[in-house]
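*Asks:* Structure supplied as start-v7.cif; contents: mmCIF, C-alpha atoms and all ligand atoms.
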data_entry
loop_
_atom_site.label_atom_id
_atom_site.label_comp_id
_atom_site.auth_asym_id
_atom_site.auth_seq_id
_atom_site.Cartn_x
_atom_site.Cartn_y
_atom_site.Cartn_z
CA MET L 1312 0.00 0.00 0.00
CA PHE L 1313 2.82 2.39 0.99
CA ASP L 1314 4.60 1.61 -2.30
CA VAL L 1315 1.50 2.48 -4.31
CA VAL L 1316 1.14 5.83 -2.52
CA THR L 1317 4.84 6.69 -3.05
CA ASP L 1318 4.53 5.65 -6.72
CA ILE L 1319 1.56 7.96 -7.21
CA PHE L 1320 2.84 10.95 -5.22
CA GLY L 1321 6.55 10.33 -5.84
CA HIS L 1322 6.67 13.22 -8.33
CA PHE L 1323 6.47 15.66 -5.41
CA LEU L 1324 9.66 14.19 -3.96
CA ASP L 1325 11.56 13.78 -7.22
CA PRO L 1326 13.78 16.76 -8.23
CA ARG L 1327 13.59 15.52 -11.86
CA LYS L 1328 9.87 16.40 -11.86
CA ARG L 1329 8.47 19.88 -12.17
CA VAL L 1330 6.14 19.54 -9.17
CA TYR L 1331 8.97 18.60 -6.77
CA LEU L 1332 8.13 20.21 -3.43
CA GLY L 1333 11.36 22.24 -3.47
CA TYR L 1334 10.46 23.83 -6.82
CA LEU L 1335 6.90 24.48 -5.64
CA LEU L 1336 8.20 26.26 -2.53
CA VAL L 1337 10.57 28.40 -4.59
CA SER L 1338 7.66 29.26 -6.92
CA VAL L 1339 5.54 30.35 -3.93
CA LEU L 1340 8.39 32.55 -2.76
CA ILE L 1341 8.87 34.12 -6.22
CA ALA L 1342 5.11 34.72 -6.51
CA ILE L 1343 4.90 36.43 -3.10
CA LEU L 1344 7.93 38.66 -3.83
CA TRP L 1345 6.46 39.58 -7.24
CA LEU L 1346 3.05 40.40 -5.72
CA ILE L 1347 4.66 42.58 -3.04
CA PHE L 1348 7.22 44.41 -5.19
CA PHE L 1349 5.48 44.56 -8.59
CA ARG L 1350 1.80 44.55 -7.62
CA GLY L 1351 2.13 46.56 -4.43
CA LYS L 1352 0.21 44.05 -2.30
CA SER L 1353 0.83 43.51 1.40
CA PHE L 1354 2.22 40.16 2.53
CA SER L 1355 -1.14 38.91 3.83
CA ASN L 1356 -2.97 40.06 0.67
CA SER L 1357 -0.33 38.33 -1.45
CA ILE L 1358 -0.96 35.07 0.42
CA LYS L 1359 -4.73 35.51 0.01
CA PHE L 1360 -4.33 36.24 -3.71
CA LEU L 1361 -1.93 33.35 -4.27
CA PHE L 1362 -4.05 30.75 -2.48
CA ASP L 1363 -7.37 32.04 -3.74
CA LYS L 1364 -9.96 29.38 -2.88
CA GLN L 1365 -11.95 30.18 -6.01
CA ILE L 1366 -8.99 28.98 -8.04
CA TRP L 1367 -7.61 26.11 -5.98
CA PHE L 1368 -11.00 24.56 -5.23
CA SER L 1369 -12.67 25.36 -8.56
CA LYS L 1370 -14.24 22.58 -10.61
CA SER L 1371 -11.37 22.88 -13.06
CA SER L 1372 -8.67 22.45 -10.37
CA ARG L 1373 -10.52 19.56 -8.75
CA ALA L 1374 -10.62 17.86 -12.16
CA ASP L 1375 -6.83 18.50 -12.52
CA PHE L 1376 -6.25 16.70 -9.23
CA PHE L 1377 -8.29 13.63 -10.18
CA VAL L 1378 -6.70 13.49 -13.64
CA PHE L 1379 -3.29 13.58 -11.94
CA LEU L 1380 -4.26 10.62 -9.70
CA ILE L 1381 -5.81 8.57 -12.51
CA ASN L 1382 -2.95 9.25 -14.96
CA ARG L 1383 -0.32 8.32 -12.38
CA CYS L 1384 -2.10 4.97 -11.85
CA ILE L 1385 -2.32 4.41 -15.63
CA SER L 1386 1.36 5.26 -16.18
CA ILE L 1387 2.45 2.92 -13.35
CA ILE L 1388 0.54 0.11 -15.06
CA ILE L 1389 1.65 0.76 -18.66
CA SER L 1390 5.21 2.11 -18.23
CA PRO L 1391 6.83 -1.38 -18.23
CA VAL L 1392 5.15 -2.05 -21.61
CA LEU L 1393 6.50 1.12 -23.25
CA ILE L 1394 9.71 0.79 -25.19
CA THR L 1395 12.67 1.95 -23.09
CA GLN L 1396 15.25 4.53 -24.10
CA MET L 1397 17.99 1.89 -23.71
CA VAL L 1398 16.41 -0.17 -26.51
CA ILE L 1399 16.39 2.88 -28.80
CA ALA L 1400 19.89 3.93 -27.70
CA THR L 1401 21.32 0.46 -28.34
CA ALA L 1402 19.63 0.20 -31.75
CA ILE L 1403 20.98 3.61 -32.87
CA PHE L 1404 24.41 2.82 -31.41
CA TYR L 1405 24.70 -0.35 -33.54
CA TRP L 1406 23.30 1.41 -36.57
CA LEU L 1407 26.02 4.10 -36.24
CA HIS L 1408 28.63 1.30 -36.11
CA GLY L 1409 27.32 0.11 -39.47
CA VAL L 1410 27.91 3.49 -41.16
CA SER L 1411 31.29 3.02 -42.82
CA TRP L 1412 32.36 6.71 -42.92
CA LEU L 1413 31.74 7.25 -39.19
CA GLN L 1414 34.53 6.41 -36.76
CA SER L 1415 33.48 5.36 -33.26
CA GLY L 1416 35.37 7.13 -30.47
CA SER L 1417 36.72 9.70 -32.94
CA LEU L 1418 36.21 12.52 -30.41
CA GLN L 1419 37.37 10.59 -27.35
CA HIS L 1420 40.46 12.75 -26.84
CA ILE L 1421 38.40 15.82 -25.92
CA PRO L 1422 38.66 16.75 -22.19
CA ASP L 1423 35.97 15.13 -20.01
CA TYR L 1424 34.49 18.40 -18.75
CA ILE L 1425 33.81 19.55 -22.32
CA ILE L 1426 32.16 16.22 -23.14
CA VAL L 1427 29.95 16.37 -20.03
CA MET L 1428 29.00 20.00 -20.70
CA SER L 1429 28.24 19.37 -24.40
CA PHE L 1430 26.15 16.30 -23.56
CA THR L 1431 24.16 18.14 -20.86
CA ILE L 1432 23.48 21.13 -23.15
CA SER L 1433 22.63 18.92 -26.17
CA ILE L 1434 20.19 16.72 -24.31
CA PHE L 1435 18.45 19.80 -22.83
CA LEU L 1436 18.24 21.53 -26.24
CA LEU L 1437 17.05 18.44 -28.11
CA ASP L 1438 14.48 17.72 -25.41
CA ASP L 1439 13.13 21.28 -25.47
CA PHE L 1440 13.18 21.43 -29.29
CA SER L 1441 11.25 18.16 -29.65
CA LYS L 1442 8.74 19.31 -27.01
CA TYR L 1443 8.17 22.45 -29.08
CA TRP L 1444 7.41 20.50 -32.26
CA VAL L 1445 5.27 17.79 -30.68
CA HIS L 1446 3.29 20.53 -28.90
CA ARG L 1447 2.89 22.43 -32.17
CA TRP L 1448 1.64 19.28 -33.94
CA MET L 1449 -0.78 18.75 -31.05
CA HIS L 1450 -2.44 22.02 -32.10
CA LYS L 1451 -2.20 21.47 -35.85
CA TRP L 1452 -3.40 17.91 -36.41
CA PRO L 1453 -7.06 17.26 -35.53
CA ILE L 1454 -6.38 13.80 -34.07
CA LEU L 1455 -3.70 15.17 -31.73
CA TRP L 1456 -5.76 18.28 -30.96
CA ALA L 1457 -8.62 16.02 -29.81
CA LEU L 1458 -6.20 14.79 -27.11
CA HIS L 1459 -4.46 18.08 -26.31
CA LYS L 1460 -7.82 19.80 -25.87
CA VAL L 1461 -7.95 18.16 -22.44
CA HIS L 1462 -4.99 20.26 -21.26
CA HIS L 1463 -6.50 23.42 -22.76
CA SER L 1464 -9.90 22.78 -21.23
CA ALA L 1465 -8.57 24.01 -17.85
CA GLU L 1466 -10.43 27.19 -16.93
CA VAL L 1467 -7.95 28.14 -14.21
CA LEU L 1468 -4.30 27.16 -13.95
CA THR L 1469 -2.46 25.62 -11.00
CA PRO L 1470 0.87 23.73 -11.06
CA LEU L 1471 -1.09 20.46 -11.27
CA THR L 1472 -2.60 21.56 -14.61
CA VAL L 1473 0.65 20.40 -16.21
CA TYR L 1474 -0.67 16.88 -15.56
CA ARG L 1475 -4.12 17.62 -16.97
CA THR L 1476 -3.49 15.62 -20.13
CA HIS L 1477 -5.21 12.72 -21.82
CA PRO L 1478 -3.24 9.48 -21.14
CA LEU L 1479 -2.78 9.02 -24.90
CA GLU L 1480 -1.06 12.43 -25.05
CA GLY L 1481 1.09 11.21 -22.16
CA ILE L 1482 2.13 8.22 -24.28
CA VAL L 1483 2.99 10.48 -27.26
CA PHE L 1484 5.21 12.62 -25.01
CA THR L 1485 6.82 9.57 -23.39
CA ILE L 1486 7.74 8.21 -26.84
CA ARG L 1487 9.16 11.65 -27.72
CA GLY L 1488 11.31 11.64 -24.59
CA THR L 1489 12.45 8.09 -25.24
CA PHE L 1490 13.60 8.94 -28.76
CA THR L 1491 15.36 12.20 -27.90
CA GLN L 1492 17.20 10.63 -24.97
CA GLY L 1493 18.00 7.49 -26.96
CA ILE L 1494 19.40 9.53 -29.87
CA SER L 1495 21.50 11.78 -27.60
CA ILE L 1496 22.90 8.96 -25.46
CA SER L 1497 23.79 6.65 -28.35
CA SER L 1498 25.37 9.30 -30.59
CA PHE L 1499 27.41 10.80 -27.74
CA ILE L 1500 28.70 7.42 -26.56
CA PHE L 1501 29.52 6.50 -30.17
CA PHE L 1502 31.64 9.63 -30.76
CA PHE L 1503 32.93 10.48 -27.28
CA GLY L 1504 33.23 7.07 -25.61
CA ASN L 1505 32.66 6.31 -21.96
CA SER L 1506 33.32 9.80 -20.54
CA VAL L 1507 29.77 10.80 -21.46
CA ASP L 1508 27.89 11.85 -18.36
CA LEU L 1509 25.16 14.27 -17.38
CA LEU L 1510 25.85 17.32 -15.22
CA THR L 1511 23.18 17.09 -12.57
CA VAL L 1512 21.91 18.78 -9.42
CA LEU L 1513 19.90 16.45 -7.16
CA GLY L 1514 19.77 13.98 -10.05
CA ALA L 1515 18.17 16.47 -12.46
CA ASN L 1516 19.83 17.92 -15.56
CA VAL L 1517 21.43 21.14 -14.30
CA PHE L 1518 19.55 23.22 -16.90
CA LEU L 1519 16.20 21.68 -15.98
CA PHE L 1520 17.05 22.28 -12.33
CA LEU L 1521 17.72 25.96 -13.08
CA PHE L 1522 14.55 26.24 -15.17
CA ASN L 1523 12.49 24.75 -12.35
CA THR L 1524 14.07 26.84 -9.59
CA ALA L 1525 13.35 29.92 -11.71
CA GLY L 1526 9.63 29.33 -11.06
CA SER L 1527 8.59 27.04 -13.94
CA ASN L 1528 5.48 26.09 -11.92
CA LEU L 1529 4.16 29.64 -12.29
CA ARG L 1530 3.45 28.98 -15.97
CA HIS L 1531 0.39 27.11 -14.76
CA SER L 1532 -0.85 29.66 -12.24
CA HIS L 1533 -2.67 32.99 -12.07
CA ILE L 1534 0.60 34.80 -11.35
CA GLY L 1535 1.23 36.63 -14.62
CA ILE L 1536 4.95 37.28 -14.28
CA ARG L 1537 6.27 38.90 -17.45
CA TYR L 1538 9.93 39.12 -18.45
CA TRP L 1539 11.68 41.97 -20.19
CA SER L 1540 10.76 41.94 -23.87
CA TRP L 1541 14.27 40.83 -24.96
CA LEU L 1542 14.25 37.95 -22.45
CA GLU L 1543 10.90 36.67 -23.77
CA TYR L 1544 12.69 35.94 -27.05
CA ILE L 1545 14.91 33.50 -25.15
CA PHE L 1546 12.81 32.06 -22.29
CA ILE L 1547 9.06 31.57 -22.11
CA SER L 1548 7.76 33.67 -19.21
CA PRO L 1549 4.85 32.44 -17.05
CA ALA L 1550 2.64 35.13 -18.67
CA GLN L 1551 3.57 33.84 -22.14
CA HIS L 1552 2.43 30.30 -21.34
CA GLN L 1553 -0.75 31.63 -19.71
CA LEU L 1554 -1.39 33.47 -22.96
CA HIS L 1555 -1.01 30.12 -24.77
CA HIS L 1556 -4.05 28.98 -22.74
CA SER L 1557 -6.09 32.06 -23.62
CA ILE L 1558 -9.36 31.67 -25.53
CA ASP L 1559 -8.71 34.90 -27.49
CA ILE L 1560 -8.23 34.16 -31.19
CA ALA L 1561 -5.19 36.52 -31.28
CA HIS L 1562 -3.42 34.16 -28.88
CA HIS L 1563 -4.18 30.94 -30.74
CA ASP L 1564 -1.23 28.80 -31.84
CA LYS L 1565 1.32 30.96 -30.04
CA ASN L 1566 4.06 30.15 -27.52
CA PHE L 1567 4.42 26.39 -27.90
CA GLY L 1568 7.81 26.39 -26.16
CA ALA L 1569 8.45 24.59 -22.88
CA ALA L 1570 11.52 26.32 -21.41
CA LEU L 1571 12.98 28.21 -24.38
CA ALA L 1572 11.18 30.80 -26.46
CA VAL L 1573 13.83 30.71 -29.20
CA TRP L 1574 11.97 27.96 -31.10
CA ASP L 1575 8.82 30.10 -31.15
CA TYR L 1576 10.90 33.05 -32.32
CA ILE L 1577 12.65 31.07 -35.08
CA PHE L 1578 9.49 29.33 -36.34
CA GLY L 1579 7.19 32.35 -36.12
CA SER L 1580 4.90 31.46 -33.22
CA LEU L 1581 6.25 33.82 -30.57
CA HIS L 1582 3.84 36.15 -28.81
CA HIS L 1583 5.09 38.51 -26.13
CA SER L 1584 3.18 38.66 -22.87
CA GLU L 1585 0.64 41.43 -22.41
CA GLU L 1586 -0.34 43.57 -19.45
CA VAL L 1587 -3.83 42.21 -18.84
CA GLU L 1588 -5.96 42.12 -15.73
CA SER L 1589 -7.00 38.54 -16.38
CA LEU L 1590 -7.11 36.20 -19.35
CA HIS L 1591 -10.13 34.18 -20.38
CA LEU L 1592 -8.76 30.63 -20.32
CA GLY L 1593 -10.08 27.39 -21.77
CA ILE L 1594 -11.45 26.23 -25.10
CA GLU L 1595 -14.48 27.22 -27.04
CA THR L 1596 -16.26 23.94 -27.32
CA ASP L 1597 -19.78 22.88 -27.94
CA ASP L 1598 -21.65 22.01 -24.78
CA LYS L 1599 -19.07 19.53 -23.47
CA ASN L 1600 -18.20 19.73 -19.80
CA PHE L 1601 -14.49 18.96 -19.69
CA ASN L 1602 -14.44 19.09 -15.90
CA LYS L 1603 -16.43 15.86 -15.88
CA LEU L 1604 -13.95 12.98 -15.82
CA SER L 1605 -15.96 10.74 -18.15
CA THR L 1606 -16.04 13.53 -20.78
CA LEU L 1607 -12.41 14.34 -20.25
CA TYR L 1608 -11.27 10.76 -20.85
CA LEU L 1609 -13.82 9.47 -23.36
CA SER L 1610 -14.75 12.38 -25.61
CA PRO L 1611 -11.22 12.68 -27.17
CA VAL L 1612 -11.30 8.96 -28.04
CA LEU L 1613 -14.77 9.27 -29.58
CA GLU L 1614 -13.68 12.35 -31.52
CA ILE L 1615 -10.64 10.48 -32.89
CA ILE L 1616 -12.84 7.55 -33.95
CA GLN L 1617 -15.15 10.04 -35.73
CA ILE L 1618 -12.22 11.73 -37.50
CA ILE L 1619 -10.77 8.38 -38.64
CA SER L 1620 -14.11 6.98 -39.78
CA ARG L 1621 -14.88 10.22 -41.66
CA ARG L 1622 -11.50 10.05 -43.41
CA THR L 1623 -11.68 6.35 -44.25
CA GLY L 1624 -15.27 6.95 -45.44
CA ASN L 1625 -14.00 9.69 -47.76
CA ILE L 1626 -11.27 7.39 -49.11
CA PHE L 1627 -13.77 4.56 -49.73
CA SER L 1628 -16.20 6.86 -51.54
CA LYS L 1629 -13.34 8.22 -53.68
CA LEU L 1630 -12.24 4.65 -54.53
CA LYS L 1631 -15.83 3.75 -55.46
CA SER L 1632 -16.15 6.76 -57.75
CA ILE L 1633 -12.82 5.88 -59.43
CA LYS L 1634 -13.98 2.25 -60.05
CA ARG L 1635 -17.15 3.53 -61.69
ZN ZN L 1701 -1.09 23.73 -26.13
ZN ZN L 1702 -0.14 24.52 -20.32
#
Go ahead and render the structure in this file as structure tokens.

*Replies:*
Amino acid sequence: MFDVVTDIFGHFLDPRKRVYLGYLLVSVLIAILWLIFFRGKSFSNSIKFLFDKQIWFSKSSRADFFVFLINRCISIIISPVLITQMVIATAIFYWLHGVSWLQSGSLQHIPDYIIVMSFTISIFLLDDFSKYWVHRWMHKWPILWALHKVHHSAEVLTPLTVYRTHPLEGIVFTIRGTFTQGISISSFIFFFGNSVDLLTVLGANVFLFLFNTAGSNLRHSHIGIRYWSWLEYIFISPAQHQLHHSIDIAHHDKNFGAALAVWDYIFGSLHHSEEVESLHLGIETDDKNFNKLSTLYLSPVLEIIQIISRRTGNIFSKLKSIKR
């Protein structure tokens, strides 16, 4: 029983996860300082504003919590079935050996600290870059949007909203992570040999650690911290991600980045944060209630079935008309 509870809530004690208690505490501290110094609130009003019951106990936040619990249970059950990064890494490693013009260990002579630094930076950049593209495809392709809609259906944001995802989206992102890590590990070991290692703090990639201690949890919150305009070209500010959740058409398909804003800048989807009192968050749907768990889990699957059957129906009718 104890094991099950630690499996489910282990993310709060794992510095490799965004909702690690240490990062949450730092985020609270950043939010309070911001409210006092940039919003002119007193300490007690800042606390009241930050822990606003209407947000934390809203229908949307309660749904976030149950989705977190259910998804953790699902991922504990299915994670052994998912292909591991070691399988991918080994396959790519042997494939590289088969490429005649590539020499294994050709960069082995480079000092260890450069290898470790390059590996840590590369894995962080590749991870963030692939997150950007998978997120962008989630918005572009109707089948993926049917899944990603679950995340966007949140009407208020709290750090747990990061887990408000359909389990099938979770699988897509796990496969993404598996491939990016597998590619980085195998290619680095192939070229640089056994000195490859990750620079970590508390077991987390040092860059992810820095990103999380800089208040990454505030992206999913009502604390609209904006950065200087020039900095929002480099890092996504909390206000920029909140804008990504906005219902306003002007904010659609903007700010797909996870940690870095440079991908949005390069590929034309960057939107600077705006000084707004509050954003209208969520999705404009029909009459679906996405705070109901049955809707949240089943309606994306039904929508995907409809999309596929519509498309296959179109193909069959085209084939029929060609035969005639
Ligand atoms: Zn999105
Ligand atoms: Zn989000």

*Asks:* Write as a ChimeraX atom specification the residues around ligand ZN 1702 (chain L), taking 10 Å as the cut-off and counting all atoms listed in the file.

*Replies:* /L:1459,1462-1465,1468-1476,1530-1532,1549,1552-1556,1567,1569

*Asks:* Here is a test: counting all atoms listed in the file, which residue of L:Ile1626, L:Ile1343, L:Ile1387, L:Phe1349 is nearest to L:Asp1314?

*Replies:* L:Ile1387

*Asks:* Report, in Å to a single decimal, how far apart atom CA of L:Phe1430 and atom CA of L:Ser1417 are.

*Replies:* 15.6 Å

*Asks:* Can you sort out the box for stretch 1475-1482 of chain L, edges along x, y and z, all listed atoms in, 5 Å on every side, with centre and edge lengths in Å to one decimal, as AutoDock Vina command-line options?

*Replies:*
--center_x -1.5 --center_y 12.9 --center_z -21.0 --size_x 17.3 --size_y 19.4 --size_z 18.1

*Asks:* Would you mind listing, for every residue of stretch 1455-1517 of chain L within 7 Å of stretch 1606-1616 of chain L, the two atoms forming the shortest contact and the distance between them in Å to one decimal, using all atoms listed in the file, sorted by chain and ascending residue number, as a tab-separated table?

*Replies:*
residue	atom	partner	partner_atom	distance
L:Ala1457	CA	L:Pro1611	CA	5.0
L:Leu1458	CA	L:Pro1611	CA	5.4
L:Val1461	CA	L:Leu1607	CA	6.3
L:His1477	CA	L:Tyr1608	CA	6.4

*Asks:* Please produce a file of those selected residues containing C-alpha atoms, as a PDB file, in the coordinates of the input.

*Replies:*
ATOM      1  CA  ALA L1457      -8.620  16.020 -29.810  1.00  0.00           C
ATOM      2  CA  LEU L1458      -6.200  14.790 -27.110  1.00  0.00           C
ATOM      3  CA  VAL L1461      -7.950  18.160 -22.440  1.00  0.00           C
ATOM      4  CA  HIS L1477      -5.210  12.720 -21.820  1.00  0.00           C
TER       5      HIS L1477
END

*Asks:* From the options L:Ala1572, L:Ile1403, L:Leu1413, L:Ile1425, which residue's atoms come nearest to L:Ser1498, counting only C-alpha atoms?

*Replies:*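 Nearest candidate to L:Ser1498 out of L:Ala1572, L:Ile1403, L:Leu1413, L:Ile1425: L:Ile1403.
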
*Asks:* Residues at most 12 Å from L:His1408, counting only C-alpha atoms, excluding those fewer than 4 positions away in the same chain, as a PyMOL selection string?

*Replies:* chain L and resi 1401-1404+1412-1416+1497-1498+1500-1502

*Asks:* Choose the residue, out of L:Phe1520, L:Phe1499, L:Phe1546, L:Tyr1334, that has the smallest atom-to-atom separation from L:Ser1433; count all atoms listed in the file.

*Replies:*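 Of L:Phe1520, L:Phe1499, L:Phe1546, L:Tyr1334, the one nearest L:Ser1433, counting all atoms listed in the file, is L:Phe1499.
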
*Asks:* If you measure from atom CA of L:Ile1486 to atom CA of L:Tyr1443, what distance in Å do you get, rounded to one decimal?

*Replies:*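 That distance, rounded to one decimal, is 14.4 Å.
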
*Asks:* At what distance in Å, to one decimal, does atom CA of L:Ile1366 lie from atom CA of L:Gly1535?

*Replies:* 14.4 Å

*Asks:* Within 8 Å of L:Asn1516, counting only C-alpha atoms, which residues qualify if same-chain residues fewer than 3 places away don't, as a list in words?

*Replies:* Arg1327, Thr1431, Phe1435, Leu1509, Leu1510, Thr1511, Val1512, Leu1519 and Phe1520 of chain L

*Asks:* Just checking: using all atoms listed in the file, which residue out of L:Ser1540, L:Ser1411, L:Ser1441, L:Ser1506 ends up closest to L:Gln1492?

*Replies:* L:Ser1441

*Asks:* L:Thr1395: which residues within 9 Å, counting all atoms listed in the file, same-chain residues fewer than 5 positions away excluded, as a list of chain:residue names?

*Replies:*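 Once the adjacent positions are removed, what remains is L:Ser1390, L:Ala1400, L:Ile1486, L:Thr1489, L:Gly1493.
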
*Asks:* Could you check which of L:Phe1522, L:Leu1437, L:Ile1421, L:Ile1594 is closest to L:Ile1496, using only C-alpha atoms?

*Replies:* L:Leu1437

*Asks:* Given only C-alpha atoms and all ligand atoms as the basis, pick out the residue of L:Arg1373, L:Lys1451, L:Arg1329, L:His1322 nearest to ligand ZN 1701 (chain L).

*Replies:* L:Lys1451
